[in-house]
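Below: final-v4.txt (compact mmCIF, C-alpha atoms and all ligand atoms)
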```
# COMPACT_ATOMS: atom_id res chain seq x y z
CA MET A 40 25.36 13.77 -35.44
CA GLN A 41 27.58 10.78 -35.98
CA VAL A 42 31.03 11.32 -34.50
CA ILE A 43 30.68 14.52 -32.46
CA ARG A 44 28.48 14.31 -29.38
CA LEU A 45 27.37 16.54 -26.56
CA PHE A 46 29.74 15.82 -23.67
CA ASP A 47 27.91 13.88 -21.00
CA PRO A 48 30.24 12.33 -18.42
CA TRP A 49 27.88 9.59 -17.32
CA LYS A 50 25.56 12.30 -15.92
CA SER A 51 27.97 12.66 -13.01
CA PRO A 52 26.52 15.03 -10.38
CA LEU A 53 30.09 16.16 -9.66
CA CYS A 54 31.04 17.22 -13.17
CA THR A 55 31.75 20.94 -13.42
CA CYS A 56 32.69 21.04 -17.12
CA PRO A 57 31.23 23.83 -19.25
CA LYS A 58 28.83 22.85 -22.01
CA LYS A 59 30.92 21.30 -24.73
CA PHE A 60 31.00 18.75 -27.50
CA SER A 61 33.12 15.67 -27.50
CA PHE A 62 34.98 14.07 -30.38
CA ASP A 63 37.08 10.89 -30.37
CA PRO A 64 38.91 10.26 -33.65
CA TYR A 65 39.50 6.61 -32.70
CA THR A 66 37.51 4.01 -30.81
CA GLY A 67 39.61 2.64 -27.97
CA CYS A 68 43.12 3.62 -27.01
CA GLY A 69 46.52 1.97 -27.28
CA HIS A 70 48.19 3.74 -24.36
CA LYS A 71 46.70 1.07 -22.10
CA CYS A 72 46.65 3.10 -18.88
CA ILE A 73 45.60 0.73 -16.13
CA TYR A 74 43.38 3.34 -14.45
CA CYS A 75 41.48 4.21 -17.64
CA TYR A 76 37.74 4.76 -17.03
CA ALA A 77 36.70 4.28 -20.63
CA THR A 78 37.44 0.53 -20.52
CA SER A 79 34.33 0.11 -18.39
CA TYR A 80 31.96 1.40 -21.06
CA ILE A 81 33.67 0.80 -24.42
CA LYS A 82 34.15 -2.78 -25.56
CA ASN A 83 37.70 -3.97 -26.35
CA PHE A 84 38.95 -0.56 -25.45
CA TYR A 85 42.61 -1.56 -25.41
CA PHE A 86 42.31 -2.75 -29.01
CA PRO A 87 41.87 0.59 -30.75
CA ARG A 88 40.41 0.84 -34.21
CA ARG A 89 39.66 3.45 -36.83
CA LYS A 90 36.19 4.80 -37.48
CA LYS A 91 34.58 4.20 -40.84
CA ASN A 92 34.41 7.30 -43.04
CA LEU A 93 35.62 9.40 -40.14
CA LEU A 94 36.62 12.48 -42.09
CA LYS A 95 33.39 12.68 -44.02
CA LYS A 96 31.29 12.27 -40.88
CA PHE A 97 33.44 14.73 -38.94
CA LYS A 98 33.01 17.44 -41.55
CA LYS A 99 29.25 16.85 -41.72
CA ASP A 100 28.92 17.06 -37.95
CA LEU A 101 30.97 20.25 -37.79
CA GLU A 102 28.59 21.87 -40.23
CA LYS A 103 25.73 21.25 -37.79
CA LEU A 104 27.42 22.66 -34.68
CA PRO A 105 26.30 26.01 -33.24
CA GLU A 106 28.69 28.89 -33.73
CA ASN A 107 31.43 29.31 -31.15
CA SER A 108 31.02 25.74 -29.84
CA LEU A 109 33.71 24.19 -27.70
CA ILE A 110 34.91 20.75 -28.83
CA SER A 111 36.92 18.62 -26.46
CA ILE A 112 39.19 16.05 -28.13
CA SER A 113 39.18 13.53 -26.62
CA ASN A 114 37.34 12.54 -23.52
CA SER A 115 37.46 8.80 -24.04
CA SER A 116 40.48 7.97 -26.19
CA ASP A 117 43.73 9.80 -26.88
CA PRO A 118 43.82 11.49 -30.32
CA TYR A 119 47.62 11.02 -30.35
CA GLN A 120 47.67 7.36 -29.48
CA PRO A 121 49.92 4.93 -31.41
CA LEU A 122 47.43 4.47 -34.30
CA GLU A 123 47.72 8.16 -35.13
CA LYS A 124 51.39 7.79 -35.95
CA LYS A 125 50.48 5.42 -38.71
CA TYR A 126 47.19 6.75 -40.04
CA LYS A 127 47.45 10.50 -39.33
CA GLU A 128 43.66 10.73 -39.25
CA PHE A 129 43.58 13.28 -36.49
CA ARG A 130 45.97 15.44 -38.47
CA GLU A 131 43.42 15.32 -41.28
CA CYS A 132 40.72 16.36 -38.81
CA LEU A 133 42.85 19.33 -37.78
CA LYS A 134 43.13 20.29 -41.43
CA ILE A 135 39.33 20.22 -41.72
CA LEU A 136 39.03 22.33 -38.58
CA GLN A 137 41.08 25.08 -40.24
CA ASN A 138 37.90 25.96 -42.19
CA PHE A 139 35.85 26.53 -39.03
CA ASN A 140 36.10 28.82 -36.04
CA PHE A 141 35.30 26.50 -33.14
CA LYS A 142 37.12 26.42 -29.82
CA ILE A 143 39.21 23.28 -29.57
CA LEU A 144 40.47 21.70 -26.37
CA ILE A 145 42.93 18.85 -26.92
CA VAL A 146 43.63 16.32 -24.17
CA THR A 147 46.55 13.96 -24.67
CA LYS A 148 49.43 12.04 -23.13
CA SER A 149 51.60 12.12 -26.19
CA ASP A 150 54.35 14.31 -27.54
CA LEU A 151 53.19 13.28 -31.01
CA ILE A 152 51.10 16.45 -30.79
CA LEU A 153 54.26 18.40 -31.66
CA ARG A 154 53.98 17.08 -35.20
CA ASP A 155 50.87 19.23 -35.65
CA ILE A 156 52.04 22.55 -34.24
CA ASP A 157 51.74 24.10 -37.71
CA LEU A 158 47.99 23.37 -37.73
CA LEU A 159 47.34 24.06 -34.06
CA LYS A 160 48.80 27.54 -34.41
CA ASN A 161 45.95 28.52 -36.73
CA LEU A 162 43.19 27.29 -34.43
CA ARG A 163 41.48 28.76 -31.38
CA CYS A 164 42.80 26.01 -29.17
CA ALA A 165 44.39 24.96 -25.89
CA VAL A 166 46.16 21.72 -25.05
CA THR A 167 46.09 19.84 -21.76
CA ILE A 168 48.60 17.07 -21.19
CA THR A 169 48.21 14.47 -18.48
CA ILE A 170 51.09 13.71 -16.13
CA THR A 171 50.48 11.44 -13.15
CA THR A 172 54.07 10.71 -12.11
CA LEU A 173 57.59 11.73 -13.10
CA LYS A 174 59.02 8.34 -12.21
CA ARG A 175 59.73 6.15 -15.20
CA LYS A 176 59.17 2.90 -13.31
CA ILE A 177 55.75 3.94 -12.02
CA ALA A 178 54.74 5.45 -15.37
CA LYS A 179 55.59 2.20 -17.13
CA LYS A 180 53.18 0.37 -14.83
CA LEU A 181 50.43 2.99 -14.82
CA GLU A 182 50.54 3.97 -18.51
CA PRO A 183 52.47 1.14 -20.19
CA LYS A 184 52.31 2.34 -23.80
CA ALA A 185 52.12 6.09 -23.38
CA PRO A 186 55.17 8.31 -23.96
CA LEU A 187 57.22 8.84 -20.82
CA PRO A 188 56.42 11.85 -18.59
CA LYS A 189 59.69 13.56 -19.54
CA LYS A 190 58.56 13.68 -23.16
CA ARG A 191 55.20 15.09 -22.13
CA LEU A 192 56.87 17.85 -20.13
CA GLU A 193 59.05 18.63 -23.11
CA ALA A 194 55.93 18.77 -25.30
CA LEU A 195 54.28 21.24 -22.89
CA LYS A 196 57.37 23.42 -23.06
CA ILE A 197 57.51 23.44 -26.86
CA LEU A 198 53.79 24.11 -27.23
CA ALA A 199 53.99 27.02 -24.78
CA LYS A 200 56.99 28.42 -26.65
CA ASN A 201 54.87 28.32 -29.78
CA LYS A 202 52.21 30.36 -27.98
CA ILE A 203 49.72 27.52 -27.73
CA PRO A 204 48.12 27.76 -24.26
CA VAL A 205 48.84 24.67 -22.15
CA GLY A 206 47.32 23.09 -19.07
CA LEU A 207 48.22 20.04 -17.05
CA ARG A 208 45.94 17.22 -16.00
CA LEU A 209 47.32 15.94 -12.70
CA ASP A 210 44.87 13.17 -12.91
CA PRO A 211 44.50 10.73 -11.30
CA ILE A 212 46.52 11.02 -8.08
CA PHE A 213 47.03 7.84 -6.06
CA PRO A 214 47.55 8.02 -2.28
CA PHE A 215 50.66 6.08 -1.17
CA LEU A 216 51.91 5.96 -4.76
CA THR A 217 52.09 9.34 -6.48
CA GLU A 218 50.76 11.86 -3.93
CA ASN A 219 54.27 12.79 -2.79
CA GLU A 220 55.28 13.81 -6.28
CA VAL A 221 52.70 16.56 -6.57
CA GLU A 222 54.99 19.47 -5.74
CA GLU A 223 57.70 18.27 -8.12
CA ILE A 224 55.19 17.87 -10.95
CA VAL A 225 53.70 21.34 -10.35
CA LYS A 226 57.18 22.86 -10.24
CA GLU A 227 58.12 21.25 -13.56
CA ALA A 228 54.78 22.29 -15.08
CA LYS A 229 55.40 25.88 -14.06
CA LYS A 230 58.83 25.79 -15.71
CA ALA A 231 57.22 24.42 -18.85
CA GLY A 232 54.76 27.33 -19.07
CA VAL A 233 51.60 25.66 -17.77
CA LYS A 234 48.89 28.13 -16.79
CA HIS A 235 46.25 25.82 -15.35
CA ILE A 236 46.19 22.52 -13.48
CA VAL A 237 43.21 20.26 -12.99
CA ALA A 238 43.58 17.49 -10.44
CA SER A 239 41.58 14.55 -9.23
CA THR A 240 41.95 11.40 -7.16
CA PHE A 241 41.72 7.93 -8.65
CA LYS A 242 38.11 6.80 -8.84
CA ALA A 243 38.10 3.04 -9.03
CA ARG A 244 35.80 1.03 -11.24
CA ALA A 245 35.50 -2.73 -11.09
CA ASP A 246 37.89 -3.39 -13.99
CA SER A 247 40.39 -0.60 -13.32
CA TRP A 248 40.66 -1.68 -9.68
CA LYS A 249 41.54 -5.24 -10.73
CA ARG A 250 44.29 -3.93 -12.99
CA PHE A 251 45.60 -1.67 -10.24
CA GLU A 252 45.65 -4.56 -7.76
CA ARG A 253 47.70 -6.65 -10.17
CA ALA A 254 50.20 -3.86 -10.86
CA PHE A 255 50.57 -2.60 -7.27
CA PRO A 256 49.61 -5.42 -4.89
CA LYS A 257 51.13 -3.89 -1.75
CA ILE A 258 49.66 -0.43 -2.20
CA SER A 259 46.28 -1.78 -3.19
CA LYS A 260 46.09 -3.64 0.14
CA LYS A 261 46.30 -0.28 1.92
CA LEU A 262 43.87 1.38 -0.46
CA LYS A 263 41.23 -1.33 -0.64
CA PRO A 264 39.47 -0.56 2.68
CA LEU A 265 39.61 3.14 1.88
CA TYR A 266 37.80 2.65 -1.41
CA PHE A 267 35.44 -0.18 -0.61
CA GLU A 268 34.65 0.20 3.11
CA LYS A 269 35.23 3.79 4.13
CA GLY A 270 34.75 5.47 0.74
CA GLN A 271 31.62 6.28 -1.26
CA LYS A 272 30.18 4.92 -4.47
CA ILE A 273 29.07 7.69 -6.82
CA LYS A 274 27.39 6.42 -9.98
CA ASN A 275 29.66 3.57 -11.13
CA ALA A 276 32.85 4.75 -9.44
CA PHE A 277 34.30 4.05 -6.01
CA TYR A 278 35.68 7.19 -4.39
CA LEU A 279 38.11 7.56 -1.49
CA PRO A 280 36.58 8.94 1.74
CA GLN A 281 35.61 12.56 1.25
CA LYS A 282 37.90 13.87 4.00
CA LEU A 283 40.93 12.19 2.49
CA ARG A 284 40.07 13.50 -0.97
CA ARG A 285 39.57 17.00 0.37
CA ASN A 286 42.92 16.94 2.18
CA LEU A 287 44.68 15.74 -0.93
CA MET A 288 43.02 18.31 -3.20
CA GLU A 289 43.71 21.10 -0.69
CA LYS A 290 47.36 20.11 -0.72
CA VAL A 291 47.51 20.41 -4.53
CA PHE A 292 45.52 23.66 -4.39
CA LYS A 293 48.03 25.23 -2.00
CA ILE A 294 51.00 24.07 -4.06
CA CYS A 295 49.42 25.60 -7.17
CA GLN A 296 48.89 28.85 -5.29
CA LYS A 297 52.55 28.80 -4.25
CA TYR A 298 53.62 28.47 -7.89
CA LYS A 299 50.92 30.89 -9.10
CA ILE A 300 49.16 28.44 -11.38
CA GLY A 301 45.37 28.35 -11.82
CA PHE A 302 43.69 25.35 -10.24
CA ALA A 303 40.49 23.31 -10.32
CA THR A 304 39.44 19.80 -9.37
CA CYS A 305 37.75 17.24 -11.62
CA ARG A 306 34.61 15.49 -10.38
CA GLU A 307 35.53 15.88 -6.72
CA GLY A 308 32.78 18.25 -5.58
CA PHE A 309 35.08 20.87 -4.03
CA SER A 310 34.01 23.96 -5.89
CA ASN A 311 35.73 26.26 -3.37
CA LEU A 312 39.10 24.84 -4.40
CA LYS A 313 39.17 26.71 -7.66
CA THR A 314 41.11 29.69 -8.97
CA SER A 315 40.73 29.03 -12.70
CA LEU A 316 37.71 30.05 -14.73
CA SER A 317 37.08 26.50 -15.96
CA CYS A 318 37.98 23.07 -14.64
CA ASP A 319 38.95 21.54 -17.98
CA GLY A 320 41.25 24.37 -19.11
CA SER A 321 38.92 25.65 -21.83
CA HIS A 322 39.25 29.19 -20.43
CA LEU A 323 42.82 29.18 -21.80
CA ILE A 324 41.49 29.33 -25.35
S1 LIG B 1 45.44 7.68 -22.64
FE1 LIG B 1 43.46 8.08 -21.72
S2 LIG B 1 42.03 6.99 -23.02
FE2 LIG B 1 44.07 6.16 -23.48
S3 LIG B 1 44.22 4.36 -22.17
FE3 LIG B 1 45.14 6.14 -21.10
S4 LIG B 1 43.48 6.95 -19.80
FE4 LIG B 1 42.54 5.61 -21.36
```
Please re-express this file's structure in structure tokens.
Amino acid sequence: MQVIRLFDPWKSPLCTCPKKFSFDPYTGCGHKCIYCYATSYIKNFYFPRRKKNLLKKFKKDLEKLPENSLISISNSSDPYQPLEKKYKEFRECLKILQNFNFKILIVTKSDLILRDIDLLKNLRCAVTITITTLKRKIAKKLEPKAPLPKKRLEALKILAKNKIPVGLRLDPIFPFLTENEVEEIVKEAKKAGVKHIVASTFKARADSWKRFERAFPKISKKLKPLYFEKGQKIKNAFYLPQKLRRNLMEKVFKICQKYKIGFATCREGFSNLKTSLSCDGSHLI
């Protein structure tokens, strides 16, 4: 296959995702989130580009997929990033998908998804939207080119009203920076109609850590020893100490229980902190 691949998150021993396929309509992403993991394995990631003959290859790949497959779009780059506004290639992909019966999980940070409600309504699909903070100032530093969190909440609300199942990616959470916003975010998600939340802590990689240090010099001073002295390295990522991660995830878990929203963690290794049937939200489909 050429543009659809079996999802393989760097063979992470902590990944709990169900078997699924992965499709990225673009290479790279223009949202420019400083914590992005994909920058470490895709060249010039912040300079997104189109894929040659995408639609033709996409259709061909779909024809080879086993029946009832789950396709996650996207795991590396946002399908509703700025390029999509101009080229509408993902919209064309959604049109192609109307002729198949696959399960589609869309992951985005953009309210541009609302443009495609007409097509999404006809698919077996669920949408998860990432929100890491509700504060404009912090969002502008963490996710400089992505739509503001308010717009994402609004998008969740509208999708839910249109009977498209929605989940929230509370991912990543940063101690000393965004951890105190968790309850507010969960509360807003509940109001918007979110049925499932997946959370995780920031896992630093060499390049994302440098960007974080530049954007938040004071906080990174406090976090540095936690990541690089007391924490653990798992594959290519630096994790916070396990106890700290567990405490943080337990806090989110309890808040989700309070608001009666399903919960799971992403690549944290705490399988007991789970009330949803899947971690990625695919059970909503
Ligand atoms: S939206 Fe996702 S893929 Fe795009 S830069 Fe941000 S974290 Fe990376």
Inset, instruction - Taking only C-alpha atoms and all ligand atoms into account, report as a PyMOL selection string which residues have an atom no farther than 9 Å from an atom of ligand LIG 1 (chain B). - result: chain A and resi 67-78+84-85+113-120+146-149+169+181-185
Legend entry - For Ser259 in chain A: contacts at 12 Å, only C-alpha atoms, fewer than 3 positions along chain excluded, given as an MDAnalysis selection string: chainID A and resid 213:216 243 247:256 262:267
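Put simply, CA of Lys297 in chain A is 29.1 Å away from CA of Ile143 in chain A.
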Inset, instruction - Tell me, in Å to one decimal, how far CA of Pro105 in chain A is from CA of Cys56 in chain A. - result: 18.0 Å
Legend entry - Residue contacts of range 92-99 of chain A (12 Å, all atoms listed in the file) excluding same-chain residues fewer than 3 positions away, as an NGL selection string: :A and (40-44 or 61-66 or 88-89 or 102-104 or 110 or 126-139)
Legend entry - A:Thr217, A:Ser315, A:Pro87, A:Cys295 ranked by distance to Lys176 in chain A, top pick (using all atoms listed in the file): A:Thr217
